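For reference, the structure discussed in these notes is given below.
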Amino acid sequence: MILITQDLRARLLSNGAAHTETDHVPVVKLFNPVGAATWLLTELDADGDTLFGLCDLGFGFPELGSVSLAELQAVKGPLGLGIERDLFFHARFPLSVYAEAARLAGHITEAERLLRQAAAGLSIPLPELPPDMAERSRR
């Protein structure tokens with residue numbers, strides 16, 4: 001699997017080239033299919049290898065930091081499985097919200113309740129609920 005497509009690379013590079021510190025929305029989610037490691041990445045340095053984002057190696061202490069794309073691509077686990085890209089990931093909050101929710105949960109999470117709690121705690125406006133979520137909440 002291609003971890004970073006050309007479109008994702010362009011978005012990550014654009015975020016990495018920003019001259020002001022910005023709380024970017026994650027561009028891509030990578031994960032270990034046979035482990036607990038997960039990465040929510042927002043930026044790629046001009047070197048084309050250094051990614052920045054929320055990194056969770058599965059030890060209960062997710063943190064903001066950098067990771068090498070080449071090292072992620074080189075990982076081979078049981079049965080030769082490597083790191084994969086979550087094809088269905090769609091970020092709805094800036095990275096700070098995911099980082100705060102991960103701090104509360106002890107791991108990267110996409111749980112709506114925790115993300116909304118984290119956003120409220122950081123005084124970040126909440127995005128609109130997607131139609132299917134709004135429909136369920138009315139029942």
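Here, A, B, ... name the chains of the structure tokens in the order displayed, residue numbers run from 1 inside each chain, and ligands are numbered from 1 in the same displayed order.
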* Give me the residues within 12 Å of Gly35 (chain A) as a ChimeraX atom specification, counting only C-alpha atoms and dropping any in the same chain fewer than 3 places off. => /A:30-32,38,56-59,75-78,81-84
Polymer residues at most 7 Å from Lys29 (chain A), only C-alpha atoms, same-chain spacing of 3 or more positions, as a PDB file with all heavy atoms, in the first residue's frame:
```
ATOM      1  N   TRP A  39      -0.776   6.889  13.894  1.00  0.00           N
ATOM      2  CA  TRP A  39      -0.233   8.224  13.665  1.00  0.00           C
ATOM      3  C   TRP A  39      -1.287   9.070  12.952  1.00  0.00           C
ATOM      4  O   TRP A  39      -1.846   8.648  11.941  1.00  0.00           O
ATOM      5  CB  TRP A  39       1.015   8.163  12.780  1.00  0.00           C
ATOM      6  CG  TRP A  39       2.136   7.384  13.368  1.00  0.00           C
ATOM      7  CD1 TRP A  39       3.192   7.874  14.090  1.00  0.00           C
ATOM      8  CD2 TRP A  39       2.356   5.968  13.271  1.00  0.00           C
ATOM      9  NE1 TRP A  39       4.034   6.847  14.448  1.00  0.00           N
ATOM     10  CE2 TRP A  39       3.536   5.661  13.962  1.00  0.00           C
ATOM     11  CE3 TRP A  39       1.650   4.919  12.671  1.00  0.00           C
ATOM     12  CZ2 TRP A  39       4.037   4.371  14.071  1.00  0.00           C
ATOM     13  CZ3 TRP A  39       2.140   3.632  12.783  1.00  0.00           C
ATOM     14  CH2 TRP A  39       3.317   3.368  13.477  1.00  0.00           C
ATOM     15  N   LEU A  40      -1.549  10.273  13.467  1.00  0.00           N
ATOM     16  CA  LEU A  40      -2.374  11.276  12.786  1.00  0.00           C
ATOM     17  C   LEU A  40      -1.406  12.364  12.344  1.00  0.00           C
ATOM     18  O   LEU A  40      -0.836  13.061  13.178  1.00  0.00           O
ATOM     19  CB  LEU A  40      -3.432  11.873  13.719  1.00  0.00           C
ATOM     20  CG  LEU A  40      -4.542  10.961  14.180  1.00  0.00           C
ATOM     21  CD1 LEU A  40      -5.524  11.745  15.070  1.00  0.00           C
ATOM     22  CD2 LEU A  40      -5.283  10.365  13.004  1.00  0.00           C
ATOM     23  N   LEU A  41      -1.217  12.506  11.048  1.00  0.00           N
ATOM     24  CA  LEU A  41      -0.154  13.371  10.532  1.00  0.00           C
ATOM     25  C   LEU A  41      -0.706  14.611   9.854  1.00  0.00           C
ATOM     26  O   LEU A  41      -1.693  14.545   9.112  1.00  0.00           O
ATOM     27  CB  LEU A  41       0.712  12.558   9.571  1.00  0.00           C
ATOM     28  CG  LEU A  41       1.289  11.283  10.214  1.00  0.00           C
ATOM     29  CD1 LEU A  41       1.877  10.365   9.173  1.00  0.00           C
ATOM     30  CD2 LEU A  41       2.308  11.653  11.284  1.00  0.00           C
ATOM     31  N   ARG A  85      -2.487   2.826   5.643  1.00  0.00           N
ATOM     32  CA  ARG A  85      -3.215   4.098   5.690  1.00  0.00           C
ATOM     33  C   ARG A  85      -4.699   3.791   5.866  1.00  0.00           C
ATOM     34  O   ARG A  85      -5.252   2.918   5.218  1.00  0.00           O
ATOM     35  CB  ARG A  85      -2.998   4.875   4.385  1.00  0.00           C
ATOM     36  CG  ARG A  85      -3.774   6.169   4.289  1.00  0.00           C
ATOM     37  CD  ARG A  85      -3.360   7.003   3.070  1.00  0.00           C
ATOM     38  NE  ARG A  85      -2.868   6.242   1.946  1.00  0.00           N
ATOM     39  CZ  ARG A  85      -3.618   5.899   0.895  1.00  0.00           C
ATOM     40  NH1 ARG A  85      -4.879   6.239   0.829  1.00  0.00           N
ATOM     41  NH2 ARG A  85      -3.082   5.217  -0.104  1.00  0.00           N
ATOM     42  N   ASP A  86      -5.341   4.524   6.769  1.00  0.00           N
ATOM     43  CA  ASP A  86      -6.783   4.374   6.975  1.00  0.00           C
ATOM     44  C   ASP A  86      -7.485   5.099   5.829  1.00  0.00           C
ATOM     45  O   ASP A  86      -7.528   6.327   5.789  1.00  0.00           O
ATOM     46  CB  ASP A  86      -7.186   4.968   8.324  1.00  0.00           C
ATOM     47  CG  ASP A  86      -8.655   4.778   8.656  1.00  0.00           C
ATOM     48  OD1 ASP A  86      -9.455   4.518   7.728  1.00  0.00           O
ATOM     49  OD2 ASP A  86      -9.001   4.894   9.839  1.00  0.00           O
ATOM     50  N   PHE A  89     -10.499   7.454   6.952  1.00  0.00           N
ATOM     51  CA  PHE A  89     -10.313   8.511   7.942  1.00  0.00           C
ATOM     52  C   PHE A  89     -10.646   9.864   7.336  1.00  0.00           C
ATOM     53  O   PHE A  89     -10.193  10.214   6.254  1.00  0.00           O
ATOM     54  CB  PHE A  89      -8.868   8.522   8.454  1.00  0.00           C
ATOM     55  CG  PHE A  89      -8.584   9.654   9.391  1.00  0.00           C
ATOM     56  CD1 PHE A  89      -9.104   9.654  10.672  1.00  0.00           C
ATOM     57  CD2 PHE A  89      -7.802  10.720   8.988  1.00  0.00           C
ATOM     58  CE1 PHE A  89      -8.844  10.704  11.546  1.00  0.00           C
ATOM     59  CE2 PHE A  89      -7.531  11.772   9.839  1.00  0.00           C
ATOM     60  CZ  PHE A  89      -8.051  11.765  11.129  1.00  0.00           C
TER      61      PHE A  89
END
```
* Could you name the residues that touch Ser14 (chain A) at 10 Å or less, counting only C-alpha atoms, but leaving out those on the same chain fewer than 4 positions away, as a ChimeraX atom specification? -> /A:8-10,18,42-46
Based on the selection just made, write N, CA and C atoms of those residues as an mmCIF file, in the first residue's frame.
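The resulting file, selection_33.cif, is reproduced below:
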```
data_model
loop_
_atom_site.group_PDB
_atom_site.id
_atom_site.type_symbol
_atom_site.label_atom_id
_atom_site.label_comp_id
_atom_site.auth_asym_id
_atom_site.auth_seq_id
_atom_site.Cartn_x
_atom_site.Cartn_y
_atom_site.Cartn_z
ATOM 1 N N LEU A 8 -1.949 13.561 -0.983
ATOM 2 C CA LEU A 8 -1.678 13.701 0.449
ATOM 3 C C LEU A 8 -0.318 14.351 0.678
ATOM 4 N N ARG A 9 0.683 13.957 -0.113
ATOM 5 C CA ARG A 9 2.021 14.552 -0.003
ATOM 6 C C ARG A 9 1.958 16.069 -0.231
ATOM 7 N N ALA A 10 1.211 16.486 -1.239
ATOM 8 C CA ALA A 10 1.092 17.923 -1.535
ATOM 9 C C ALA A 10 0.443 18.667 -0.368
ATOM 10 N N ALA A 18 4.041 26.179 5.880
ATOM 11 C CA ALA A 18 3.383 27.360 6.462
ATOM 12 C C ALA A 18 4.385 28.126 7.321
ATOM 13 N N THR A 42 -0.039 15.736 10.125
ATOM 14 C CA THR A 42 -0.500 17.016 9.593
ATOM 15 C C THR A 42 0.489 17.678 8.649
ATOM 16 N N GLU A 43 1.772 17.353 8.768
ATOM 17 C CA GLU A 43 2.788 18.093 8.019
ATOM 18 C C GLU A 43 3.898 17.176 7.520
ATOM 19 N N LEU A 44 4.523 17.596 6.432
ATOM 20 C CA LEU A 44 5.713 16.934 5.897
ATOM 21 C C LEU A 44 6.752 18.014 5.641
ATOM 22 N N ASP A 45 7.961 17.811 6.176
ATOM 23 C CA ASP A 45 9.040 18.775 5.952
ATOM 24 C C ASP A 45 9.490 18.738 4.502
ATOM 25 N N ALA A 46 10.210 19.767 4.108
ATOM 26 C CA ALA A 46 10.721 19.861 2.735
ATOM 27 C C ALA A 46 11.664 18.726 2.385
#
```
* 10 Å contact set for Val25 (chain A), only C-alpha atoms, chain neighbours under 4 positions out, as a ChimeraX atom specification -> /A:15,40-43,53,90-98
* Please measure the separation of CA of Leu126 (chain A) and CA of Leu114 (chain A), giving the value in Å to one decimal. =>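 Those two atoms sit 12.1 Å apart.
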* Please return as number ranges by chain: the residues of chain A that backbone DSSP assigns to helix (DSSP H, G or I). => A: 6-16, 69-74, 78-80, 95-105, 112-121, 131-138
* If we count only C-alpha atoms, what is near Ala105 (chain A) at a cut-off of 10 Å, once residues fewer than 5 positions away on the same chain are taken out, given as JSON, numbers by chain? -> {"A": [60, 61, 62, 99, 100, 111, 114]}
* Give me every strand (DSSP E) residue in chain A, going by DSSP on the backbone, as a list in words. =>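 Taking chain A and keeping strand (DSSP E) only, one gets Val28, Lys29, Leu30, Phe31, Thr38, Trp39, Leu40, Leu41, Thr42, Glu43, Leu44, Thr50, Leu51, Phe52, Gly53, Leu54, Cys55, Asp56, Glu63, Leu64, Gly65, Ser66, Val67, Ser68, Glu84 and Arg85 of chain A.
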* **Shell of 12 Å around Arg113 (chain A), only C-alpha atoms, local chain residues under 3 positions omitted, as an MDAnalysis selection string** => chainID A and resid 97:98 101 104:105 109:110 116:120 126 129 133
Dump as a PDB file, in the first residue's frame, selection limited to C-alpha atoms:
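Now in selection.pdb:
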```pdb
ATOM      1  CA  VAL A  97      -8.399  18.399  19.694  1.00  0.00           C
ATOM      2  CA  TYR A  98      -7.196  14.910  18.741  1.00  0.00           C
ATOM      3  CA  ALA A 101      -8.803  13.556  23.375  1.00  0.00           C
ATOM      4  CA  LEU A 104      -7.931  11.863  28.078  1.00  0.00           C
ATOM      5  CA  ALA A 105      -8.270   8.370  26.571  1.00  0.00           C
ATOM      6  CA  THR A 109      -9.377   8.064  19.507  1.00  0.00           C
ATOM      7  CA  GLU A 110     -12.094   9.076  17.082  1.00  0.00           C
ATOM      8  CA  ARG A 116     -16.314  17.097  21.483  1.00  0.00           C
ATOM      9  CA  GLN A 117     -15.255  17.184  25.136  1.00  0.00           C
ATOM     10  CA  ALA A 118     -11.679  17.988  24.106  1.00  0.00           C
ATOM     11  CA  ALA A 119     -12.831  20.705  21.685  1.00  0.00           C
ATOM     12  CA  ALA A 120     -15.014  22.306  24.364  1.00  0.00           C
ATOM     13  CA  LEU A 126     -17.584  22.275  17.216  1.00  0.00           C
ATOM     14  CA  LEU A 129     -22.777  16.836  13.115  1.00  0.00           C
ATOM     15  CA  MET A 133     -25.345  11.433  13.484  1.00  0.00           C
TER      16      MET A 133
END
```
